[in-house]
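Raw contents of query-v5.csv, CSV, C-alpha atoms (C1' of nucleotides):
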```csv
chain,number,residue,atom,x,y,z
Z,1,MET,CA,-6.2,2.1,-0.3
Z,2,ILE,CA,-7.6,4.9,1.9
Z,3,LEU,CA,-6.4,6.0,5.3
Z,4,LYS,CA,-8.7,5.5,8.2
Z,5,SER,CA,-10.8,8.5,9.2
Z,6,GLN,CA,-9.2,8.2,12.6
Z,7,VAL,CA,-6.0,9.6,11.0
Z,8,GLU,CA,-7.8,12.8,10.0
Z,9,TRP,CA,-9.4,13.0,13.5
Z,10,ALA,CA,-6.1,12.5,15.3
Z,11,LEU,CA,-4.3,15.1,13.2
Z,12,HIS,CA,-7.0,17.7,13.9
Z,13,CYS,CA,-7.1,16.9,17.6
Z,14,CYS,CA,-3.3,17.2,17.8
Z,15,ALA,CA,-3.5,20.6,16.0
Z,16,ILE,CA,-5.8,21.8,18.8
Z,17,LEU,CA,-3.7,20.3,21.6
Z,18,ALA,CA,-0.7,22.0,20.0
Z,19,GLY,CA,-2.3,25.4,20.3
Z,20,LEU,CA,-3.3,24.9,23.9
Z,21,PRO,CA,-1.8,26.9,26.8
Z,22,PRO,CA,1.0,24.8,28.4
Z,23,GLY,CA,-0.1,22.2,30.9
Z,24,ARG,CA,-3.8,22.3,30.1
Z,25,TYR,CA,-5.6,19.1,29.3
Z,26,LEU,CA,-8.5,18.6,26.9
Z,27,SER,CA,-11.0,15.8,27.2
Z,28,THR,CA,-12.3,13.4,24.6
Z,29,LYS,CA,-15.7,15.0,25.0
Z,30,ALA,CA,-14.5,18.5,24.2
Z,31,LEU,CA,-12.5,17.3,21.2
Z,32,ALA,CA,-15.4,15.2,19.9
Z,33,GLU,CA,-17.9,18.1,20.3
Z,34,LEU,CA,-15.6,20.6,18.7
Z,35,HIS,CA,-15.2,18.4,15.6
Z,36,GLY,CA,-18.6,16.8,15.5
Z,37,LEU,CA,-17.3,13.3,15.9
Z,38,PRO,CA,-18.6,10.2,17.8
Z,39,LYS,CA,-17.0,10.5,21.2
Z,40,GLU,CA,-16.6,6.8,21.9
Z,41,TYR,CA,-14.9,6.1,18.6
Z,42,LEU,CA,-12.7,9.2,18.7
Z,43,SER,CA,-11.5,7.9,22.0
Z,44,LYS,CA,-9.9,4.9,20.3
Z,45,ALA,CA,-7.8,7.3,18.1
Z,46,LEU,CA,-6.7,9.2,21.2
Z,47,GLN,CA,-5.8,6.0,22.9
Z,48,SER,CA,-3.6,5.2,19.9
Z,49,LEU,CA,-1.8,8.5,20.4
Z,50,SER,CA,-1.4,7.7,24.1
Z,51,GLN,CA,0.1,4.3,23.4
Z,52,ALA,CA,2.5,5.9,21.0
Z,53,SER,CA,3.5,8.3,23.8
Z,54,LEU,CA,2.6,11.3,21.7
Z,55,VAL,CA,0.2,12.5,24.3
Z,56,GLU,CA,-0.1,12.4,28.1
Z,57,THR,CA,-3.3,11.8,30.0
Z,58,THR,CA,-4.7,12.5,33.4
Z,59,LEU,CA,-8.0,11.3,34.9
Z,60,GLY,CA,-10.8,13.0,36.7
Z,61,PRO,CA,-12.6,16.3,36.1
Z,62,SER,CA,-10.5,18.7,34.1
Z,63,GLY,CA,-8.5,15.7,32.9
Z,64,GLY,CA,-7.9,14.6,29.4
Z,65,TYR,CA,-5.1,14.8,26.9
Z,66,ARG,CA,-2.1,17.1,26.3
Z,67,LEU,CA,0.9,16.7,24.0
Z,68,ALA,CA,3.8,14.8,25.5
Z,69,ARG,CA,6.4,16.8,23.6
Z,70,SER,CA,6.6,20.2,22.1
Z,71,PRO,CA,4.7,20.7,18.8
Z,72,SER,CA,8.0,21.1,16.9
Z,73,GLU,CA,9.0,17.6,18.1
Z,74,ILE,CA,5.9,15.8,16.8
Z,75,ASN,CA,5.5,15.3,13.1
Z,76,PHE,CA,2.8,14.0,10.8
Z,77,LEU,CA,4.4,10.6,10.4
Z,78,ASP,CA,4.4,10.1,14.2
Z,79,ILE,CA,0.6,10.6,14.3
Z,80,VAL,CA,-0.2,8.7,11.1
Z,81,GLU,CA,1.8,5.7,12.3
Z,82,ALA,CA,0.3,5.8,15.8
Z,83,VAL,CA,-3.1,5.3,14.2
Z,84,GLU,CA,-2.4,3.3,11.1
Z,85,GLY,CA,0.5,1.3,12.4
Z,86,LYS,CA,4.0,1.2,11.1
Z,87,SER,CA,3.7,-1.5,8.5
Z,88,ARG,CA,4.3,-0.6,4.8
Z,89,THR,CA,1.5,0.2,2.5
Z,90,PHE,CA,2.7,-2.5,0.0
Z,91,THR,CA,3.1,-6.1,1.2
Z,92,CYS,CA,5.1,-8.5,-0.9
Z,93,SER,CA,3.7,-12.0,-0.8
Z,94,ASN,CA,6.7,-13.2,-2.8
Z,95,ILE,CA,4.7,-14.6,-5.7
Z,96,ARG,CA,7.9,-14.9,-7.7
Z,97,ALA,CA,8.6,-18.0,-5.6
Z,98,ASN,CA,5.6,-19.7,-7.3
Z,99,ASN,CA,7.3,-19.6,-10.7
Z,100,PRO,CA,7.5,-23.3,-11.6
Z,101,CYS,CA,10.8,-22.6,-13.5
Z,102,ARG,CA,12.6,-21.8,-10.3
Z,103,PRO,CA,14.4,-24.6,-8.4
Z,104,LYS,CA,12.5,-25.4,-5.3
Z,105,ASP,CA,15.3,-24.6,-3.0
Z,106,PHE,CA,16.3,-21.4,-4.8
Z,107,CYS,CA,17.0,-18.6,-2.3
Z,108,ASP,CA,16.8,-15.0,-3.3
Z,109,SER,CA,19.6,-12.7,-2.2
Z,110,LYS,CA,17.5,-9.5,-2.5
Z,111,PRO,CA,13.9,-8.8,-1.8
Z,112,CYS,CA,11.6,-8.8,-4.8
Z,113,SER,CA,12.3,-6.0,-7.4
Z,114,VAL,CA,8.6,-5.0,-7.5
Z,115,ALA,CA,8.5,-4.7,-3.7
Z,116,ARG,CA,11.8,-2.7,-3.6
Z,117,ILE,CA,10.2,-0.1,-5.9
Z,118,MET,CA,6.9,0.0,-4.1
Z,119,TRP,CA,8.8,0.5,-0.9
Z,120,GLN,CA,10.7,3.4,-2.3
Z,121,ALA,CA,7.5,5.1,-3.0
Z,122,ASP,CA,6.3,4.3,0.5
Z,123,GLU,CA,9.4,5.8,1.9
Z,124,ALA,CA,8.9,9.0,-0.1
Z,125,TRP,CA,5.4,9.3,1.4
Z,126,ARG,CA,6.8,8.8,4.9
Z,127,ASN,CA,9.6,11.2,4.4
Z,128,THR,CA,7.2,13.9,3.4
Z,129,LEU,CA,5.0,13.2,6.4
Z,130,LYS,CA,8.1,13.2,8.6
Z,131,SER,CA,9.2,16.6,7.3
Z,132,VAL,CA,6.1,18.5,8.6
Z,133,SER,CA,5.7,19.1,12.4
Z,134,LEU,CA,2.7,20.1,14.4
Z,135,ALA,CA,4.4,23.5,14.8
Z,136,ASP,CA,4.4,23.8,11.0
Z,137,LEU,CA,0.7,22.9,11.0
Z,138,VAL,CA,-0.2,25.4,13.6
Z,139,ASP,CA,1.6,28.1,11.6
Z,140,THR,CA,-0.3,27.2,8.5
Z,141,LEU,CA,-3.6,27.0,10.4
Z,142,SER,CA,-3.2,30.5,11.9
Z,143,GLU,CA,-2.6,31.8,8.4
Z,144,ASP,CA,-5.7,30.1,7.0
Z,145,VAL,CA,-8.2,30.5,9.8
Z,146,PRO,CA,-9.4,34.1,10.6
Z,147,ALA,CA,-7.9,35.3,13.8
Z,148,ASP,CA,-11.2,35.7,15.7
Z,149,ILE,CA,-12.5,32.3,14.8
Z,150,TRP,CA,-9.1,30.8,15.9
Z,151,LYS,CA,-9.3,32.7,19.2
Z,152,ASN,CA,-12.9,31.8,19.9
Z,153,THR,CA,-12.2,28.2,19.2
Z,154,PHE,CA,-9.6,28.0,22.0
Z,155,GLU,CA,-11.8,29.9,24.4
Z,156,TRP,CA,-14.6,27.5,23.6
Z,157,VAL,CA,-12.5,24.3,24.2
Z,158,LEU,CA,-10.9,25.7,27.3
Z,159,GLN,CA,-14.2,26.5,28.8
Z,160,ARG,CA,-15.0,22.8,28.5
Z,161,ALA,CA,-11.7,21.9,30.2
Z,162,GLY,CA,-12.8,23.0,33.6
U,1,MET,CA,-3.9,1.3,4.7
U,2,ILE,CA,-2.6,-1.5,2.6
U,3,LEU,CA,-2.7,-1.8,-1.2
U,4,LYS,CA,-4.8,-4.6,-2.7
U,5,SER,CA,-3.0,-7.8,-3.6
U,6,GLN,CA,-4.2,-7.2,-7.1
U,7,VAL,CA,-1.7,-4.4,-7.4
U,8,GLU,CA,1.1,-6.8,-6.7
U,9,TRP,CA,-0.3,-9.3,-9.2
U,10,ALA,CA,-0.8,-6.7,-11.9
U,11,LEU,CA,2.8,-5.4,-11.6
U,12,HIS,CA,4.2,-8.9,-11.9
U,13,CYS,CA,2.0,-9.7,-14.8
U,14,CYS,CA,3.1,-6.5,-16.6
U,15,ALA,CA,6.7,-7.4,-16.0
U,16,ILE,CA,6.2,-10.7,-17.8
U,17,LEU,CA,4.3,-9.0,-20.6
U,18,ALA,CA,7.0,-6.5,-20.9
U,19,GLY,CA,9.6,-9.2,-21.6
U,20,LEU,CA,7.5,-11.0,-24.2
U,21,PRO,CA,8.5,-11.1,-27.9
U,22,PRO,CA,6.6,-8.3,-29.7
U,23,GLY,CA,3.1,-9.1,-30.7
U,24,ARG,CA,2.7,-12.2,-28.6
U,25,TYR,CA,-0.3,-12.5,-26.3
U,26,LEU,CA,-0.4,-14.2,-22.9
U,27,SER,CA,-3.6,-15.6,-21.4
U,28,THR,CA,-5.0,-15.2,-17.9
U,29,LYS,CA,-4.5,-18.9,-17.4
U,30,ALA,CA,-0.8,-18.8,-18.2
U,31,LEU,CA,-0.2,-15.8,-16.0
U,32,ALA,CA,-2.2,-17.3,-13.2
U,33,GLU,CA,-0.3,-20.6,-13.3
U,34,LEU,CA,3.0,-18.9,-13.6
U,35,HIS,CA,2.4,-16.9,-10.4
U,36,GLY,CA,0.3,-19.4,-8.5
U,37,LEU,CA,-2.7,-17.1,-8.4
U,38,PRO,CA,-6.5,-17.8,-8.6
U,39,LYS,CA,-7.3,-17.4,-12.3
U,40,GLU,CA,-10.8,-16.0,-12.0
U,41,TYR,CA,-9.7,-13.3,-9.6
U,42,LEU,CA,-6.5,-12.4,-11.4
U,43,SER,CA,-8.8,-11.9,-14.4
U,44,LYS,CA,-10.3,-8.9,-12.6
U,45,ALA,CA,-7.0,-7.3,-12.2
U,46,LEU,CA,-6.2,-7.8,-15.9
U,47,GLN,CA,-9.5,-6.4,-16.8
U,48,SER,CA,-8.6,-3.2,-14.9
U,49,LEU,CA,-5.4,-3.0,-16.9
U,50,SER,CA,-7.5,-3.4,-20.1
U,51,GLN,CA,-10.0,-0.7,-19.1
U,52,ALA,CA,-7.0,1.7,-18.4
U,53,SER,CA,-5.8,0.9,-21.9
U,54,LEU,CA,-2.5,-0.4,-20.6
U,55,VAL,CA,-2.9,-3.7,-22.3
U,56,GLU,CA,-4.6,-4.9,-25.5
U,57,THR,CA,-6.6,-8.1,-25.7
U,58,THR,CA,-7.6,-10.6,-28.3
U,59,LEU,CA,-10.0,-13.5,-28.0
U,60,GLY,CA,-9.9,-17.1,-29.0
U,61,PRO,CA,-7.1,-19.7,-28.7
U,62,SER,CA,-3.6,-18.1,-28.5
U,63,GLY,CA,-5.4,-15.0,-27.4
U,64,GLY,CA,-4.8,-13.1,-24.2
U,65,TYR,CA,-3.0,-9.9,-23.2
U,66,ARG,CA,-0.1,-7.8,-24.5
U,67,LEU,CA,1.1,-4.4,-23.5
U,68,ALA,CA,-0.6,-1.5,-25.4
U,69,ARG,CA,2.5,0.6,-25.3
U,70,SER,CA,6.2,0.1,-25.1
U,71,PRO,CA,7.5,-0.8,-21.6
U,72,SER,CA,9.3,2.5,-21.3
U,73,GLU,CA,6.0,4.3,-21.8
U,74,ILE,CA,4.2,2.5,-18.9
U,75,ASN,CA,5.1,3.4,-15.3
U,76,PHE,CA,4.2,2.0,-11.9
U,77,LEU,CA,1.7,4.7,-11.2
U,78,ASP,CA,-0.2,3.8,-14.4
U,79,ILE,CA,-0.6,0.2,-13.1
U,80,VAL,CA,-1.3,1.1,-9.5
U,81,GLU,CA,-4.0,3.6,-10.4
U,82,ALA,CA,-5.5,1.2,-12.9
U,83,VAL,CA,-6.1,-1.3,-10.1
U,84,GLU,CA,-6.6,1.0,-7.0
U,85,GLY,CA,-8.3,3.9,-8.7
U,86,LYS,CA,-7.0,7.4,-8.9
U,87,SER,CA,-8.5,8.9,-5.7
U,88,ARG,CA,-6.1,10.1,-3.1
U,89,THR,CA,-5.1,8.0,-0.1
U,90,PHE,CA,-6.3,10.7,2.3
U,91,THR,CA,-9.9,11.9,2.1
U,92,CYS,CA,-10.8,15.2,3.8
U,93,SER,CA,-14.2,15.1,5.4
U,94,ASN,CA,-13.8,18.8,6.2
U,95,ILE,CA,-14.4,18.3,9.9
U,96,ARG,CA,-13.2,21.9,10.6
U,97,ALA,CA,-16.7,22.9,9.3
U,98,ASN,CA,-18.2,21.3,12.4
U,99,ASN,CA,-16.4,23.8,14.7
U,100,PRO,CA,-19.3,25.5,16.5
U,101,CYS,CA,-17.2,28.8,16.6
U,102,ARG,CA,-17.4,29.2,12.9
U,103,PRO,CA,-20.1,31.2,11.3
U,104,LYS,CA,-22.6,28.9,9.7
U,105,ASP,CA,-22.1,30.5,6.2
U,106,PHE,CA,-18.3,30.7,6.5
U,107,CYS,CA,-16.7,29.7,3.3
U,108,ASP,CA,-13.0,28.6,3.2
U,109,SER,CA,-10.8,30.0,0.5
U,110,LYS,CA,-8.3,27.1,0.7
U,111,PRO,CA,-8.7,23.4,1.3
U,112,CYS,CA,-8.1,22.2,4.8
U,113,SER,CA,-4.4,22.6,6.0
U,114,VAL,CA,-4.3,19.0,7.2
U,115,ALA,CA,-5.5,17.8,3.8
U,116,ARG,CA,-3.0,19.9,1.9
U,117,ILE,CA,-0.1,18.3,3.8
U,118,MET,CA,-1.5,14.8,3.5
U,119,TRP,CA,-2.0,15.4,-0.2
U,120,GLN,CA,1.6,16.5,-0.6
U,121,ALA,CA,2.8,13.2,0.8
U,122,ASP,CA,0.4,11.4,-1.5
U,123,GLU,CA,1.9,13.3,-4.4
U,124,ALA,CA,5.4,12.4,-3.3
U,125,TRP,CA,4.3,8.7,-3.4
U,126,ARG,CA,2.8,9.1,-6.8
U,127,ASN,CA,5.8,10.9,-8.2
U,128,THR,CA,8.0,8.1,-7.2
U,129,LEU,CA,5.8,5.5,-8.8
U,130,LYS,CA,5.6,7.6,-11.9
U,131,SER,CA,9.4,7.8,-12.1
U,132,VAL,CA,9.8,4.1,-12.6
U,133,SER,CA,8.8,2.5,-15.9
U,134,LEU,CA,8.2,-1.1,-16.8
U,135,ALA,CA,11.5,-1.0,-18.8
U,136,ASP,CA,13.3,0.0,-15.6
U,137,LEU,CA,11.6,-2.9,-13.8
U,138,VAL,CA,12.7,-5.4,-16.5
U,139,ASP,CA,16.3,-4.1,-16.3
U,140,THR,CA,16.2,-4.6,-12.5
U,141,LEU,CA,14.7,-8.1,-12.8
U,142,SER,CA,17.2,-9.3,-15.3
U,143,GLU,CA,19.9,-8.2,-12.9
U,144,ASP,CA,18.3,-10.0,-10.0
U,145,VAL,CA,17.0,-13.2,-11.6
U,146,PRO,CA,19.6,-15.7,-12.8
U,147,ALA,CA,19.7,-15.7,-16.6
U,148,ASP,CA,18.7,-19.3,-17.0
U,149,ILE,CA,15.7,-19.1,-14.8
U,150,TRP,CA,14.7,-15.9,-16.6
U,151,LYS,CA,15.0,-17.6,-20.0
U,152,ASN,CA,13.2,-20.7,-18.9
U,153,THR,CA,10.3,-18.7,-17.6
U,154,PHE,CA,9.6,-17.1,-20.9
U,155,GLU,CA,9.9,-20.4,-22.7
U,156,TRP,CA,7.4,-21.8,-20.2
U,157,VAL,CA,4.8,-19.1,-20.7
U,158,LEU,CA,5.2,-18.9,-24.4
U,159,GLN,CA,4.6,-22.6,-24.6
U,160,ARG,CA,1.3,-22.0,-23.0
U,161,ALA,CA,0.5,-19.2,-25.4
U,162,GLY,CA,-0.2,-21.6,-28.3
B,1,DC,C1',-18.8,-26.2,-35.6
B,2,DA,C1',-16.2,-26.8,-31.4
B,3,DT,C1',-12.8,-24.7,-28.5
B,4,DT,C1',-10.6,-21.0,-26.3
B,5,DT,C1',-10.6,-16.5,-24.7
B,6,DG,C1',-11.7,-11.9,-22.4
B,7,DC,C1',-15.6,-9.5,-20.3
B,8,DG,C1',-19.1,-8.5,-17.1
B,9,DG,C1',-22.7,-9.7,-13.7
B,10,DA,C1',-24.2,-12.1,-9.7
B,11,DT,C1',-23.1,-14.0,-5.6
B,12,DA,C1',-20.5,-15.7,-1.5
B,13,DT,C1',-17.0,-15.3,2.1
B,14,DA,C1',-13.5,-13.1,4.8
B,15,DT,C1',-11.5,-9.2,6.7
B,16,DA,C1',-11.3,-4.3,8.0
B,17,DT,C1',-13.5,-0.3,9.3
B,18,DT,C1',-16.7,2.2,11.9
B,19,DG,C1',-19.4,2.7,15.8
B,20,DT,C1',-21.7,1.7,20.4
B,21,DC,C1',-22.0,0.0,25.1
B,22,DC,C1',-20.2,-1.3,29.4
B,23,DT,C1',-16.9,-2.0,33.3
B,24,DT,C1',-12.9,-0.6,35.8
B,25,DA,C1',-9.6,2.3,38.1
B,26,DA,C1',-7.7,6.7,38.8
B,27,DT,C1',-8.3,11.6,39.7
B,28,DA,C1',-10.1,16.0,41.1
B,29,DA,C1',-13.6,18.7,43.1
B,30,DA,C1',-17.3,19.4,46.4
L,1,DT,C1',-15.2,11.1,52.3
L,2,DT,C1',-18.3,11.3,48.7
L,3,DT,C1',-19.4,12.2,44.1
L,4,DA,C1',-18.6,13.3,39.5
L,5,DT,C1',-15.6,12.9,35.7
L,6,DT,C1',-12.2,10.9,33.1
L,7,DA,C1',-9.1,7.5,30.2
L,8,DA,C1',-8.5,2.6,29.2
L,9,DG,C1',-10.0,-1.2,27.2
L,10,DG,C1',-13.0,-5.3,26.3
L,11,DA,C1',-17.1,-7.0,24.0
L,12,DC,C1',-20.1,-6.5,20.5
L,13,DA,C1',-22.7,-5.0,16.2
L,14,DA,C1',-23.1,-2.8,11.8
L,15,DT,C1',-21.2,-1.6,7.6
L,16,DA,C1',-17.9,-1.5,3.9
L,17,DT,C1',-14.2,-3.4,1.4
L,18,DA,C1',-11.4,-7.1,-0.3
L,19,DT,C1',-11.1,-11.6,-1.9
L,20,DA,C1',-12.8,-15.3,-4.5
L,21,DT,C1',-15.9,-18.2,-7.4
L,22,DC,C1',-19.3,-19.2,-10.9
L,23,DC,C1',-21.9,-18.4,-14.9
L,24,DG,C1',-23.3,-16.8,-19.5
L,25,DC,C1',-22.1,-14.0,-23.5
L,26,DA,C1',-19.7,-12.6,-27.6
L,27,DA,C1',-15.6,-12.7,-30.3
L,28,DA,C1',-11.7,-15.2,-32.4
L,29,DT,C1',-9.4,-19.4,-34.0
L,30,DG,C1',-8.7,-23.5,-36.6
```

Starting from the coordinates I provided, produce the structure as structure tokens.
Amino acid sequence: MILKSQVEWALHCCAILAGLPPGRYLSTKALAELHGLPKEYLSKALQSLSQASLVETTLGPSGGYRLARSPSEINFLDIVEAVEGKSRTFTCSNIRANNPCRPKDFCDSKPCSVARIMWQADEAWRNTLKSVSLADLVDTLSEDVPADIWKNTFEWVLQRAG
Amino acid sequence: MILKSQVEWALHCCAILAGLPPGRYLSTKALAELHGLPKEYLSKALQSLSQASLVETTLGPSGGYRLARSPSEINFLDIVEAVEGKSRTFTCSNIRANNPCRPKDFCDSKPCSVARIMWQADEAWRNTLKSVSLADLVDTLSEDVPADIWKNTFEWVLQRAG
DNA sequence: CATTTGCGGATATATATTGTCCTTAATAAA
DNA sequence: TTTATTAAGGACAATATATATCCGCAAATG
């Protein structure tokens, strides 16, 4: 069970969008070149973000993507679920129902015990993701990345934004 | 990102093994028929449990599997990792290194910020799984499953254990 | 000896992921 | 108005992973 690489791409792209001057758009091309990613395929990840209303888009030259909300109002779970979908990481196929010792018409009051526990773990994962916003990520990044590299990066992408 | 169905199978099989009289073995065949699963493929999941030393095996008629430790000393994470592997659910391909604004020989002191956060969530997931033992599961199951069905089930599998 | 069993390898099929190519419509700049 | 650029999305292909089956081997049982 490994997350799609598009999740990683979407997170890094959102981090850049979060650091952009207000109102500016960034194209798929610029984001792909910055990260060394296949433009056409990255586009699918960005479309997922768009469908989830995490980003806004505009067409034409100097068009592209920008965040639809403030970085503090977008969290990791939003982005992960936009790309991976919202379904749980454990699916219960209810194999207990195959037990030949159970009456055929037996109806369970609760969901399967195994599933309940697996879903608790899934929830713990999601809660952690939900607790970190893009604003938090930008804070961490600007601590980690040397200031000059950080600054050059935004000049570089903005130059490509027309 | 969805867990393999073998994880579900392994958990249910372990639940049965945990409720078995001490010393008794249960064959792949019995476990497969009880749960309505393909015997040959379930066998792969049980082999994973064996390789992880969660179960002990013996050959020949009346052979099969039994837990290698007491149910209170085996937790969900043990079983999940035996089947899914121990690698994290998020892999960092270090795409920040592709940033053209970074000096070619730049060496990061810390792992990628995005990865650190994703790994925290992964750890929260694992910690939850680690906190629930097979003994806990058996307790939950015997609350959920009507006592007579629970009892019949073990008579049924033991009858198939020779 | 004959039967049952776990184990591992080889192989086949289905599904998911990754990636590319193309058309369309909208937008902005020249 | 014209041209270039863009996101959106459909079609398609390549690759990887998950699911499943089959076989032979060695060990254990009676």

Determine, counting only C-alpha atoms (C1' of nucleotides), which protein, DNA and RNA residues have an atom within 9 Å of an atom of Leu3 of chain Z; residues of the same chain fewer than 3 positions away are not included. Present the result as a PDB file with C-alpha atoms, in the coordinates of the input.
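Contents of selection_8.pdb, freshly written:
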```pdb
ATOM      1  CA  GLN Z   6      -9.200   8.200  12.600  1.00  0.00           C
ATOM      2  CA  VAL Z   7      -6.000   9.600  11.000  1.00  0.00           C
ATOM      3  CA  GLU Z   8      -7.800  12.800  10.000  1.00  0.00           C
ATOM      4  CA  VAL Z  80      -0.200   8.700  11.100  1.00  0.00           C
ATOM      5  CA  GLU Z  84      -2.400   3.300  11.100  1.00  0.00           C
TER       6      GLU Z  84
ATOM      7  CA  MET U   1      -3.900   1.300   4.700  1.00  0.00           C
ATOM      8  CA  ILE U   2      -2.600  -1.500   2.600  1.00  0.00           C
ATOM      9  CA  THR U  89      -5.100   8.000  -0.100  1.00  0.00           C
ATOM     10  CA  PHE U  90      -6.300  10.700   2.300  1.00  0.00           C
ATOM     11  CA  THR U  91      -9.900  11.900   2.100  1.00  0.00           C
TER      12      THR U  91
END
```

Exercise. Which neighbours of DA29 of chain B fall inside 12 Å, counting all atoms listed in the file, when residues of the same chain fewer than 3 positions from it are skipped, and could you give them as an MDAnalysis selection string?
Worked result: (chainID Z and resid 60:63 162) or (chainID L and resid 2:5)

Could the residues in this selection be written to a file with C-alpha atoms (C1' of nucleotides), as an mmCIF file, in the frame of the given file?
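Final file, again.cif:
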```
data_model
loop_
_atom_site.group_PDB
_atom_site.id
_atom_site.type_symbol
_atom_site.label_atom_id
_atom_site.label_comp_id
_atom_site.auth_asym_id
_atom_site.auth_seq_id
_atom_site.Cartn_x
_atom_site.Cartn_y
_atom_site.Cartn_z
ATOM 1 C CA GLY Z 60 -10.800 13.000 36.700
ATOM 2 C CA PRO Z 61 -12.600 16.300 36.100
ATOM 3 C CA SER Z 62 -10.500 18.700 34.100
ATOM 4 C CA GLY Z 63 -8.500 15.700 32.900
ATOM 5 C CA GLY Z 162 -12.800 23.000 33.600
ATOM 6 C "C1'" DT L 2 -18.300 11.300 48.700
ATOM 7 C "C1'" DT L 3 -19.400 12.200 44.100
ATOM 8 C "C1'" DA L 4 -18.600 13.300 39.500
ATOM 9 C "C1'" DT L 5 -15.600 12.900 35.700
#
```

Per-residue nearest contacts chain Z to chain U, cut-off 8 Å, using only C-alpha atoms, as a tab-separated table:
```
residue	atom	partner	partner_atom	distance
Z:Met1	CA	U:Leu3	CA	5.3
Z:Ile2	CA	U:Thr89	CA	4.5
Z:Leu3	CA	U:Met1	CA	5.4
Z:Lys4	CA	U:Met1	CA	7.3
Z:Ser5	CA	U:Thr91	CA	7.9
Z:Glu8	CA	U:Cys92	CA	7.3
Z:Leu11	CA	U:Val114	CA	7.2
Z:His12	CA	U:Val114	CA	7.3
Z:Leu34	CA	U:Asn99	CA	5.2
Z:His35	CA	U:Asn98	CA	5.3
Z:Gly36	CA	U:Asn98	CA	5.5
Z:Glu84	CA	U:Met1	CA	6.9
Z:Arg88	CA	U:Ile2	CA	7.3
Z:Thr89	CA	U:Ile2	CA	4.4
Z:Phe90	CA	U:Leu3	CA	5.6
Z:Thr91	CA	U:Ile2	CA	7.5
Z:Cys92	CA	U:Glu8	CA	7.2
Z:Ile95	CA	U:His35	CA	5.7
Z:Arg96	CA	U:His35	CA	6.4
Z:Ala97	CA	U:His35	CA	7.9
Z:Asn98	CA	U:His35	CA	5.3
Z:Asn99	CA	U:Leu34	CA	5.2
Z:Pro100	CA	U:Leu34	CA	6.6
Z:Cys101	CA	U:Thr153	CA	5.7
Z:Arg102	CA	U:Ile149	CA	6.1
Z:Lys110	CA	U:Asp144	CA	7.6
Z:Ser113	CA	U:Leu141	CA	6.3
Z:Val114	CA	U:Leu11	CA	7.1
Z:Ile117	CA	U:Leu129	CA	7.7
Z:Met118	CA	U:Leu129	CA	7.3
Z:Gln120	CA	U:Thr128	CA	7.3
Z:Ala121	CA	U:Trp125	CA	4.8
Z:Asp122	CA	U:Trp125	CA	6.2
Z:Glu123	CA	U:Trp125	CA	7.9
Z:Ala124	CA	U:Trp125	CA	5.7
Z:Trp125	CA	U:Ala121	CA	4.7
Z:Arg126	CA	U:Ala121	CA	7.2
Z:Asn127	CA	U:Ala121	CA	7.9
Z:Thr128	CA	U:Ala121	CA	5.2
Z:Leu129	CA	U:Ala121	CA	6.0
Z:Val132	CA	U:Ile117	CA	7.8
Z:Leu137	CA	U:Ser113	CA	7.1
Z:Thr140	CA	U:Ser113	CA	6.6
Z:Leu141	CA	U:Ser113	CA	6.3
Z:Asp144	CA	U:Lys110	CA	7.4
Z:Ile149	CA	U:Arg102	CA	6.1
Z:Asn152	CA	U:Cys101	CA	6.2
Z:Thr153	CA	U:Cys101	CA	5.7
Z:Trp156	CA	U:Cys101	CA	7.6
```

For this session: Using atom CA of Lys39 of chain U and atom C1' of DA16 of chain B as the two end points, give the distance in Å to one decimal.
Result: 24.5 Å

For this session: Choose the residue, out of B:DA14, B:DA28, B:DC7, B:DC21, that has the smallest atom-to-atom separation from chain U; count all atoms listed in the file.
Result: B:DC7

Exercise. In Å to one decimal, how far is atom CA of Pro71 of chain U from atom CA of Ala18 of chain U?
Worked result: 5.8 Å

Closest contacts (chain B/chain Z, max 9 Å, all atoms listed in the file) as a Markdown table:
```
| residue | atom | partner | partner_atom | distance |
| --- | --- | --- | --- | --- |
| B:DT17 | C1' | Z:Lys4 | CA | 7.6 |
| B:DT18 | C1' | Z:Tyr41 | CA | 8.0 |
| B:DG19 | C1' | Z:Tyr41 | CA | 6.3 |
| B:DT20 | C1' | Z:Glu40 | CA | 7.4 |
| B:DA26 | C1' | Z:Leu59 | CA | 6.0 |
| B:DT27 | C1' | Z:Gly60 | CA | 4.1 |
| B:DA28 | C1' | Z:Gly60 | CA | 5.4 |
| B:DA29 | C1' | Z:Pro61 | CA | 7.5 |
```

Seminar exercise, completed: In Å and to one decimal, atom CA of Ser133 of chain Z is distant from atom CA of Ile74 of chain Z by 5.5 Å

Output as an mmCIF file, keeping the file's coordinate frame: segment 128-132 of chain U, completed with N, CA and C atoms.
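Dumped to part_37.cif:
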```cif
data_model
loop_
_atom_site.group_PDB
_atom_site.id
_atom_site.type_symbol
_atom_site.label_atom_id
_atom_site.label_comp_id
_atom_site.auth_asym_id
_atom_site.auth_seq_id
_atom_site.Cartn_x
_atom_site.Cartn_y
_atom_site.Cartn_z
ATOM 1 N N THR U 128 7.059 9.187 -7.156
ATOM 2 C CA THR U 128 8.000 8.100 -7.200
ATOM 3 C C THR U 128 7.571 6.965 -8.054
ATOM 4 N N LEU U 129 6.297 6.614 -7.924
ATOM 5 C CA LEU U 129 5.800 5.500 -8.800
ATOM 6 C C LEU U 129 5.827 5.899 -10.236
ATOM 7 N N LYS U 130 5.589 7.176 -10.505
ATOM 8 C CA LYS U 130 5.600 7.600 -11.900
ATOM 9 C C LYS U 130 6.982 7.598 -12.501
ATOM 10 N N SER U 131 7.987 7.686 -11.637
ATOM 11 C CA SER U 131 9.400 7.800 -12.100
ATOM 12 C C SER U 131 9.971 6.475 -12.553
ATOM 13 N N VAL U 132 9.257 5.381 -12.273
ATOM 14 C CA VAL U 132 9.800 4.100 -12.600
ATOM 15 C C VAL U 132 8.933 3.412 -13.687
#
```
